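K.L.:
My structure is stored as entry_26.txt, with compact mmCIF, C-alpha atoms.
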# COMPACT_ATOMS: atom_id res chain seq x y z
CA MET A 1 72.77 56.97 67.80
CA SER A 2 74.03 53.82 66.11
CA ALA A 3 77.62 54.93 65.38
CA ASP A 4 79.96 52.77 67.43
CA ALA A 5 82.89 54.71 68.93
CA LYS A 6 85.27 51.73 68.94
CA THR A 7 84.55 50.96 65.30
CA LEU A 8 85.11 54.59 64.30
CA ALA A 9 88.36 54.68 66.28
CA VAL A 10 89.66 51.70 64.29
CA TYR A 11 88.77 53.31 60.96
CA ASP A 12 90.26 56.65 62.04
CA ALA A 13 93.50 54.96 63.08
CA ARG A 14 93.72 52.53 60.16
CA SER A 15 92.36 54.62 57.28
CA PRO A 16 95.62 54.45 55.23
CA ASP A 17 95.76 50.65 55.63
CA TYR A 18 92.10 50.33 54.67
CA ALA A 19 92.52 52.58 51.62
CA THR A 20 95.50 50.52 50.44
CA MET A 21 93.59 47.26 50.94
CA VAL A 22 90.46 48.30 49.05
CA SER A 23 92.42 49.95 46.24
CA ALA A 24 93.54 46.46 45.22
CA TRP A 25 89.94 45.21 44.93
CA GLU A 26 87.60 45.22 41.97
CA THR A 27 84.41 46.26 43.77
CA PRO A 28 81.75 43.59 43.03
CA GLY A 29 78.49 45.06 41.77
CA LEU A 30 79.73 48.59 41.15
CA ASP A 31 79.75 48.35 37.35
CA SER A 32 76.22 46.95 37.23
CA PHE A 33 75.04 49.59 39.71
CA ILE A 34 76.44 52.40 37.55
CA ALA A 35 75.09 50.84 34.33
CA VAL A 36 71.49 50.71 35.61
CA LEU A 37 71.37 54.36 36.69
CA PRO A 38 70.61 57.26 34.35
CA GLY A 39 73.65 59.24 33.20
CA ALA A 40 73.30 62.20 35.56
CA ALA A 41 71.91 60.22 38.50
CA HIS A 42 72.21 61.53 42.06
CA VAL A 43 73.70 58.84 44.32
CA LEU A 44 74.25 58.51 48.06
CA ASP A 45 77.46 56.66 48.91
CA LEU A 46 76.67 55.63 52.48
CA GLY A 47 79.91 54.79 54.27
CA CYS A 48 82.15 55.97 51.44
CA GLY A 49 85.38 55.00 53.21
CA PRO A 50 88.39 56.32 51.27
CA GLY A 51 86.13 57.41 48.41
CA LEU A 52 87.32 55.02 45.71
CA ASP A 53 83.83 53.88 44.68
CA ALA A 54 82.52 57.45 44.85
CA ARG A 55 85.37 58.54 42.58
CA ARG A 56 84.50 55.84 40.03
CA MET A 57 80.84 56.88 40.11
CA MET A 58 81.81 60.52 39.63
CA ASP A 59 84.07 59.58 36.72
CA ALA A 60 81.03 57.82 35.17
CA GLY A 61 79.09 61.10 35.30
CA LEU A 62 77.06 60.52 38.46
CA THR A 63 76.54 63.18 41.14
CA VAL A 64 77.65 61.61 44.43
CA ASP A 65 76.77 62.57 48.00
CA ALA A 66 79.57 60.72 49.80
CA VAL A 67 79.27 60.33 53.58
CA ASP A 68 81.18 58.45 56.26
CA ALA A 69 81.13 58.56 60.05
CA SER A 70 84.94 58.38 60.24
CA ALA A 71 86.66 61.77 60.05
CA ALA A 72 89.85 60.15 58.72
CA MET A 73 87.96 58.35 55.95
CA VAL A 74 86.27 61.61 54.93
CA ALA A 75 89.69 63.30 54.79
CA THR A 76 91.07 60.44 52.66
CA ALA A 77 88.08 60.64 50.30
CA LYS A 78 88.61 64.39 49.91
CA LYS A 79 92.23 63.73 48.89
CA ALA A 80 90.82 61.51 46.12
CA GLY A 81 88.81 64.48 44.84
CA VAL A 82 85.52 63.39 46.39
CA THR A 83 83.30 65.99 48.04
CA ALA A 84 82.72 63.90 51.17
CA ARG A 85 81.19 64.88 54.47
CA GLN A 86 81.05 63.32 57.92
CA ALA A 87 77.65 61.81 58.75
CA THR A 88 76.29 58.74 60.53
CA PHE A 89 73.49 56.43 59.46
CA ASP A 90 71.22 58.35 61.81
CA ASP A 91 71.84 61.55 59.83
CA ILE A 92 70.23 60.22 56.64
CA ALA A 93 66.92 62.01 56.14
CA GLY A 94 64.78 63.45 53.38
CA MET A 95 62.35 62.28 50.72
CA ASP A 96 63.02 61.27 47.11
CA LEU A 97 66.57 62.62 47.06
CA TYR A 98 68.55 59.89 45.31
CA ASP A 99 68.33 57.82 42.13
CA GLY A 100 70.65 55.29 43.74
CA ILE A 101 72.06 54.44 47.15
CA TRP A 102 75.40 52.63 47.44
CA ALA A 103 75.60 51.05 50.92
CA ASN A 104 78.49 48.69 50.26
CA PHE A 105 79.61 47.01 53.50
CA SER A 106 78.68 49.98 55.68
CA LEU A 107 75.36 49.09 57.31
CA LEU A 108 76.94 45.90 58.68
CA HIS A 109 78.29 48.17 61.43
CA ALA A 110 74.77 49.15 62.57
CA PRO A 111 73.15 47.26 65.47
CA ARG A 112 70.49 44.80 64.36
CA ALA A 113 67.89 46.71 66.41
CA ALA A 114 68.60 49.88 64.39
CA PHE A 115 68.76 48.19 60.97
CA PRO A 116 65.01 48.48 60.13
CA PHE A 117 65.05 52.19 60.98
CA HIS A 118 68.05 52.80 58.71
CA LEU A 119 66.42 50.88 55.86
CA THR A 120 63.24 52.92 56.32
CA ALA A 121 65.25 56.16 56.11
CA LEU A 122 66.93 54.91 52.93
CA LYS A 123 63.57 53.90 51.43
CA GLN A 124 62.29 57.42 52.04
CA ALA A 125 65.46 59.01 50.66
CA ILE A 126 65.46 57.01 47.42
CA ARG A 127 63.28 58.06 44.50
CA PRO A 128 60.55 55.63 43.35
CA GLY A 129 62.20 52.90 41.30
CA GLY A 130 65.69 53.96 42.44
CA LEU A 131 68.38 51.34 43.01
CA LEU A 132 69.78 50.36 46.41
CA HIS A 133 72.99 48.33 46.57
CA ILE A 134 73.69 46.83 49.98
CA GLY A 135 76.69 44.67 50.87
CA MET A 136 76.77 42.70 54.14
CA LYS A 137 78.75 39.93 55.80
CA LEU A 138 76.87 36.64 56.03
CA GLY A 139 76.29 35.02 59.40
CA GLU A 140 74.19 35.35 62.53
CA GLY A 141 74.07 37.69 65.49
CA GLU A 142 76.35 40.57 66.42
CA GLY A 143 79.90 40.84 67.63
CA ARG A 144 83.32 42.44 67.34
CA ASP A 145 86.17 41.42 65.09
CA ARG A 146 89.80 41.08 66.15
CA LEU A 147 90.30 44.84 65.70
CA GLY A 148 87.32 45.72 67.90
CA ARG A 149 84.94 46.76 65.10
CA PHE A 150 81.25 46.04 65.72
CA TYR A 151 79.38 43.91 63.16
CA SER A 152 75.85 42.67 62.62
CA TYR A 153 75.55 39.55 60.50
CA TYR A 154 72.61 38.41 58.36
CA SER A 155 71.65 35.35 56.40
CA GLU A 156 70.65 35.87 52.77
CA ASP A 157 66.99 35.14 53.60
CA ASP A 158 67.02 37.51 56.58
CA LEU A 159 68.53 40.35 54.55
CA VAL A 160 66.04 39.88 51.72
CA ARG A 161 63.19 39.76 54.25
CA HIS A 162 64.31 43.06 55.81
CA LEU A 163 64.53 44.72 52.39
CA THR A 164 61.13 43.42 51.32
CA MET A 165 59.46 44.44 54.58
CA THR A 166 60.80 47.97 54.08
CA GLY A 167 59.33 48.18 50.57
CA PHE A 168 62.38 47.38 48.45
CA THR A 169 62.13 44.84 45.63
CA PRO A 170 65.30 42.70 45.44
CA ALA A 171 66.45 42.38 41.83
CA ALA A 172 69.95 40.86 41.88
CA ARG A 173 72.29 39.29 44.38
CA PHE A 174 75.79 37.91 44.51
CA LYS A 175 77.75 36.00 47.14
CA GLY A 176 81.48 35.66 47.68
CA THR A 177 84.23 35.43 50.27
CA GLY A 178 86.96 37.86 51.12
CA LYS A 179 89.56 38.89 53.66
CA GLY A 180 88.93 42.02 55.71
CA LEU A 181 91.14 44.53 57.47
CA ASP A 182 91.47 42.19 60.47
CA GLY A 183 92.97 39.48 58.25
CA THR A 184 90.11 36.98 58.59
CA LYS A 185 88.30 35.56 55.59
CA GLY A 186 84.52 35.29 55.58
CA PRO A 187 81.42 35.04 53.39
CA TRP A 188 79.53 38.11 52.17
CA ILE A 189 76.61 39.05 49.97
CA TRP A 190 75.43 42.05 48.05
CA VAL A 191 71.84 42.62 47.02
CA GLN A 192 70.59 45.23 44.58
CA ALA A 193 66.96 46.21 45.12
CA HIS A 194 64.58 48.79 43.65
CA GLY A 195 62.85 51.34 45.84
Just dump the structure as structure tokens.

P.N.:
Amino acid sequence: MSADAKTLAVYDARSPDYATMVSAWETPGLDSFIAVLPGAAHVLDLGCGPGLDARRMMDAGLTVDAVDASAAMVATAKKAGVTARQATFDDIAGMDLYDGIWANFSLLHAPRAAFPFHLTALKQAIRPGGLLHIGMKLGEGEGRDRLGRFYSYYSEDDLVRHLTMTGFTPAARFKGTGKGLDGTKGPWIWVQAHG
């Protein structure tokens, strides 16, 4: 199982702080993700956190399957009116279930060794031509931040290579920098790719 107990403990303990932090953000890529999908699309929000993005997708008319490994984050998402459930990356299974998958800064907590298996599961779960949005921190290797959360880092080329090898076709990408829950600022990227 690729869920890291220390990472989950941080999110369980700091879920109110995290929800406050992300509520001040304009989520990069969310508007374009919603705009590309058909009106009644079925979307997986993988690592939904406090449910703010899931709520926006629901308000746009999408049907959202919101999941997070943190019990506290699921509870926070439910308070936002999101039908969220607790699940890990390893729990994602099924064929042709989703028109879109929103994996915005969630899979960065998976070990690099497990990453190809998670992408394969997502490729199977997405309908042909469906849209995957994946956000990751840029860098190399694996490690823990100042709060103890586990991260895997990827270069842009490495991330695109993983997506392509799994059968996704990268269509758009965007890079930026931002400050996380631990207070450090770092570079990130999101890539949108078709299944």

K.L.:
Kindly give the distance, in Å, that separates CA of Ala193 (chain A) and CA of Met95 (chain A), rounded to a single decimal.

P.N.:
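Pair CA of Ala193 (chain A) / CA of Met95 (chain A) returns 17.6 Å.
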
K.L.:
Can you work out the spacing between CA of Phe115 (chain A) and CA of Ala87 (chain A) in Å, to one decimal?

P.N.:
16.4 Å

K.L.:
Point out the residue among A:Gly148, A:Pro116, A:Gly94, A:Gly29 with the least atom-to-atom distance to Gly135 (chain A), counting only C-alpha atoms.

P.N.:
A:Gly29

K.L.:
Determine the nearest neighbour of Ser106 (chain A) from the options A:Thr166, A:Thr88, A:Ser15, A:Ser23, counting all atoms listed in the file.

P.N.:
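Among the listed residues, the smallest separation from Ser106 (chain A) belongs to A:Thr88.
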
K.L.:
So how far away is CA of Asp31 (chain A) from CA of Gly129 (chain A), in Å?

P.N.:
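So the answer is 18.6 Å.
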
K.L.:
Report the closest atom pair, with its distance in Å rounded to one decimal, for each residue of region 78-120 of chain A that has an atom no farther than 12 Å from region 40-45 of chain A; count only C-alpha atoms, sort by chain and then rising residue number, and write it as CSV.

P.N.:
residue,atom,partner,partner_atom,distance
A:Val82,CA,A:Asp45,CA,10.8
A:Thr83,CA,A:Asp45,CA,11.0
A:Ala84,CA,A:Asp45,CA,9.2
A:Arg85,CA,A:Asp45,CA,10.6
A:Gln86,CA,A:Asp45,CA,11.8
A:Ala87,CA,A:Asp45,CA,11.1
A:Thr88,CA,A:Asp45,CA,11.9
A:Phe89,CA,A:Asp45,CA,11.3
A:Ile92,CA,A:Leu44,CA,9.6
A:Ala93,CA,A:Leu44,CA,11.5
A:Gly94,CA,A:Leu44,CA,11.9
A:Asp96,CA,A:His42,CA,10.5
A:Leu97,CA,A:His42,CA,7.6
A:Tyr98,CA,A:His42,CA,5.2
A:Asp99,CA,A:His42,CA,5.4
A:Gly100,CA,A:Val43,CA,4.7
A:Ile101,CA,A:Leu44,CA,4.7
A:Trp102,CA,A:Asp45,CA,4.8
A:Ala103,CA,A:Asp45,CA,6.2
A:Asn104,CA,A:Asp45,CA,8.1
A:Phe105,CA,A:Asp45,CA,10.9
A:Ser106,CA,A:Asp45,CA,9.6
A:Leu107,CA,A:Asp45,CA,11.5

K.L.:
Write to file, as a PDB file, in the coordinates of the input, the residues of the selection just made, with C-alpha atoms.

P.N.:
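Once written, result-v9.pdb looks like this:
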ATOM      1  CA  VAL A  82      85.520  63.390  46.390  1.00  0.00           C
ATOM      2  CA  THR A  83      83.300  65.990  48.040  1.00  0.00           C
ATOM      3  CA  ALA A  84      82.720  63.900  51.170  1.00  0.00           C
ATOM      4  CA  ARG A  85      81.190  64.880  54.470  1.00  0.00           C
ATOM      5  CA  GLN A  86      81.050  63.320  57.920  1.00  0.00           C
ATOM      6  CA  ALA A  87      77.650  61.810  58.750  1.00  0.00           C
ATOM      7  CA  THR A  88      76.290  58.740  60.530  1.00  0.00           C
ATOM      8  CA  PHE A  89      73.490  56.430  59.460  1.00  0.00           C
ATOM      9  CA  ILE A  92      70.230  60.220  56.640  1.00  0.00           C
ATOM     10  CA  ALA A  93      66.920  62.010  56.140  1.00  0.00           C
ATOM     11  CA  GLY A  94      64.780  63.450  53.380  1.00  0.00           C
ATOM     12  CA  ASP A  96      63.020  61.270  47.110  1.00  0.00           C
ATOM     13  CA  LEU A  97      66.570  62.620  47.060  1.00  0.00           C
ATOM     14  CA  TYR A  98      68.550  59.890  45.310  1.00  0.00           C
ATOM     15  CA  ASP A  99      68.330  57.820  42.130  1.00  0.00           C
ATOM     16  CA  GLY A 100      70.650  55.290  43.740  1.00  0.00           C
ATOM     17  CA  ILE A 101      72.060  54.440  47.150  1.00  0.00           C
ATOM     18  CA  TRP A 102      75.400  52.630  47.440  1.00  0.00           C
ATOM     19  CA  ALA A 103      75.600  51.050  50.920  1.00  0.00           C
ATOM     20  CA  ASN A 104      78.490  48.690  50.260  1.00  0.00           C
ATOM     21  CA  PHE A 105      79.610  47.010  53.500  1.00  0.00           C
ATOM     22  CA  SER A 106      78.680  49.980  55.680  1.00  0.00           C
ATOM     23  CA  LEU A 107      75.360  49.090  57.310  1.00  0.00           C
TER      24      LEU A 107
END

K.L.:
Can you pull out every residue within 12 Å of Gly39 (chain A), counting only C-alpha atoms, but drop anything in the same chain fewer than 2 positions away, and send it as a PyMOL selection string?

P.N.:
chain A and resi 33-37+41-43+57-63+99-100

K.L.:
For region 7-31 of chain A, supply N, CA and C atoms and report the output as a PDB file, in the frame of the given file.

P.N.:
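Listed below is the output, rebuild-v5.pdb:
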ATOM      1  N   THR A   7      84.430  51.221  66.736  1.00  0.00           N
ATOM      2  CA  THR A   7      84.550  50.960  65.300  1.00  0.00           C
ATOM      3  C   THR A   7      85.126  52.182  64.591  1.00  0.00           C
ATOM      4  N   LEU A   8      84.610  53.363  64.919  1.00  0.00           N
ATOM      5  CA  LEU A   8      85.110  54.590  64.300  1.00  0.00           C
ATOM      6  C   LEU A   8      86.574  54.826  64.646  1.00  0.00           C
ATOM      7  N   ALA A   9      86.969  54.502  65.871  1.00  0.00           N
ATOM      8  CA  ALA A   9      88.360  54.680  66.280  1.00  0.00           C
ATOM      9  C   ALA A   9      89.296  53.811  65.443  1.00  0.00           C
ATOM     10  N   VAL A  10      88.848  52.585  65.133  1.00  0.00           N
ATOM     11  CA  VAL A  10      89.660  51.700  64.290  1.00  0.00           C
ATOM     12  C   VAL A  10      89.808  52.298  62.895  1.00  0.00           C
ATOM     13  N   TYR A  11      88.704  52.747  62.307  1.00  0.00           N
ATOM     14  CA  TYR A  11      88.770  53.310  60.960  1.00  0.00           C
ATOM     15  C   TYR A  11      89.578  54.611  60.941  1.00  0.00           C
ATOM     16  N   ASP A  12      89.458  55.423  61.976  1.00  0.00           N
ATOM     17  CA  ASP A  12      90.260  56.650  62.040  1.00  0.00           C
ATOM     18  C   ASP A  12      91.748  56.320  62.109  1.00  0.00           C
ATOM     19  N   ALA A  13      92.094  55.325  62.903  1.00  0.00           N
ATOM     20  CA  ALA A  13      93.500  54.960  63.080  1.00  0.00           C
ATOM     21  C   ALA A  13      94.076  54.208  61.886  1.00  0.00           C
ATOM     22  N   ARG A  14      93.230  53.415  61.219  1.00  0.00           N
ATOM     23  CA  ARG A  14      93.720  52.530  60.160  1.00  0.00           C
ATOM     24  C   ARG A  14      93.285  52.952  58.758  1.00  0.00           C
ATOM     25  N   SER A  15      92.865  54.197  58.586  1.00  0.00           N
ATOM     26  CA  SER A  15      92.360  54.620  57.280  1.00  0.00           C
ATOM     27  C   SER A  15      93.380  54.434  56.147  1.00  0.00           C
ATOM     28  N   PRO A  16      94.683  54.707  56.336  1.00  0.00           N
ATOM     29  CA  PRO A  16      95.620  54.450  55.230  1.00  0.00           C
ATOM     30  C   PRO A  16      95.705  52.972  54.865  1.00  0.00           C
ATOM     31  N   ASP A  17      95.712  52.095  55.887  1.00  0.00           N
ATOM     32  CA  ASP A  17      95.760  50.650  55.630  1.00  0.00           C
ATOM     33  C   ASP A  17      94.511  50.194  54.882  1.00  0.00           C
ATOM     34  N   TYR A  18      93.360  50.716  55.306  1.00  0.00           N
ATOM     35  CA  TYR A  18      92.100  50.330  54.670  1.00  0.00           C
ATOM     36  C   TYR A  18      92.070  50.807  53.221  1.00  0.00           C
ATOM     37  N   ALA A  19      92.508  52.041  52.991  1.00  0.00           N
ATOM     38  CA  ALA A  19      92.520  52.580  51.620  1.00  0.00           C
ATOM     39  C   ALA A  19      93.424  51.752  50.721  1.00  0.00           C
ATOM     40  N   THR A  20      94.585  51.351  51.226  1.00  0.00           N
ATOM     41  CA  THR A  20      95.500  50.520  50.440  1.00  0.00           C
ATOM     42  C   THR A  20      94.873  49.168  50.131  1.00  0.00           C
ATOM     43  N   MET A  21      94.213  48.569  51.126  1.00  0.00           N
ATOM     44  CA  MET A  21      93.590  47.260  50.940  1.00  0.00           C
ATOM     45  C   MET A  21      92.504  47.312  49.874  1.00  0.00           C
ATOM     46  N   VAL A  22      91.580  48.272  49.988  1.00  0.00           N
ATOM     47  CA  VAL A  22      90.460  48.300  49.050  1.00  0.00           C
ATOM     48  C   VAL A  22      90.858  48.785  47.665  1.00  0.00           C
ATOM     49  N   SER A  23      91.979  49.492  47.563  1.00  0.00           N
ATOM     50  CA  SER A  23      92.420  49.950  46.240  1.00  0.00           C
ATOM     51  C   SER A  23      92.837  48.782  45.363  1.00  0.00           C
ATOM     52  N   ALA A  24      93.148  47.648  45.969  1.00  0.00           N
ATOM     53  CA  ALA A  24      93.540  46.460  45.220  1.00  0.00           C
ATOM     54  C   ALA A  24      92.337  45.616  44.777  1.00  0.00           C
ATOM     55  N   TRP A  25      91.149  45.982  45.239  1.00  0.00           N
ATOM     56  CA  TRP A  25      89.940  45.210  44.930  1.00  0.00           C
ATOM     57  C   TRP A  25      89.244  45.735  43.686  1.00  0.00           C
ATOM     58  N   GLU A  26      88.583  44.843  42.996  1.00  0.00           N
ATOM     59  CA  GLU A  26      87.600  45.220  41.970  1.00  0.00           C
ATOM     60  C   GLU A  26      86.260  45.123  42.684  1.00  0.00           C
ATOM     61  N   THR A  27      85.611  46.243  42.946  1.00  0.00           N
ATOM     62  CA  THR A  27      84.410  46.260  43.770  1.00  0.00           C
ATOM     63  C   THR A  27      83.270  45.512  43.093  1.00  0.00           C
ATOM     64  N   PRO A  28      82.838  44.357  43.633  1.00  0.00           N
ATOM     65  CA  PRO A  28      81.750  43.590  43.030  1.00  0.00           C
ATOM     66  C   PRO A  28      80.442  44.385  43.030  1.00  0.00           C
ATOM     67  N   GLY A  29      79.799  44.425  41.883  1.00  0.00           N
ATOM     68  CA  GLY A  29      78.490  45.060  41.770  1.00  0.00           C
ATOM     69  C   GLY A  29      78.515  46.511  41.369  1.00  0.00           C
ATOM     70  N   LEU A  30      79.692  47.162  41.437  1.00  0.00           N
ATOM     71  CA  LEU A  30      79.730  48.590  41.150  1.00  0.00           C
ATOM     72  C   LEU A  30      79.430  48.887  39.682  1.00  0.00           C
ATOM     73  N   ASP A  31      79.996  48.113  38.779  1.00  0.00           N
ATOM     74  CA  ASP A  31      79.750  48.350  37.350  1.00  0.00           C
ATOM     75  C   ASP A  31      78.283  48.193  36.998  1.00  0.00           C
TER      76      ASP A  31
END
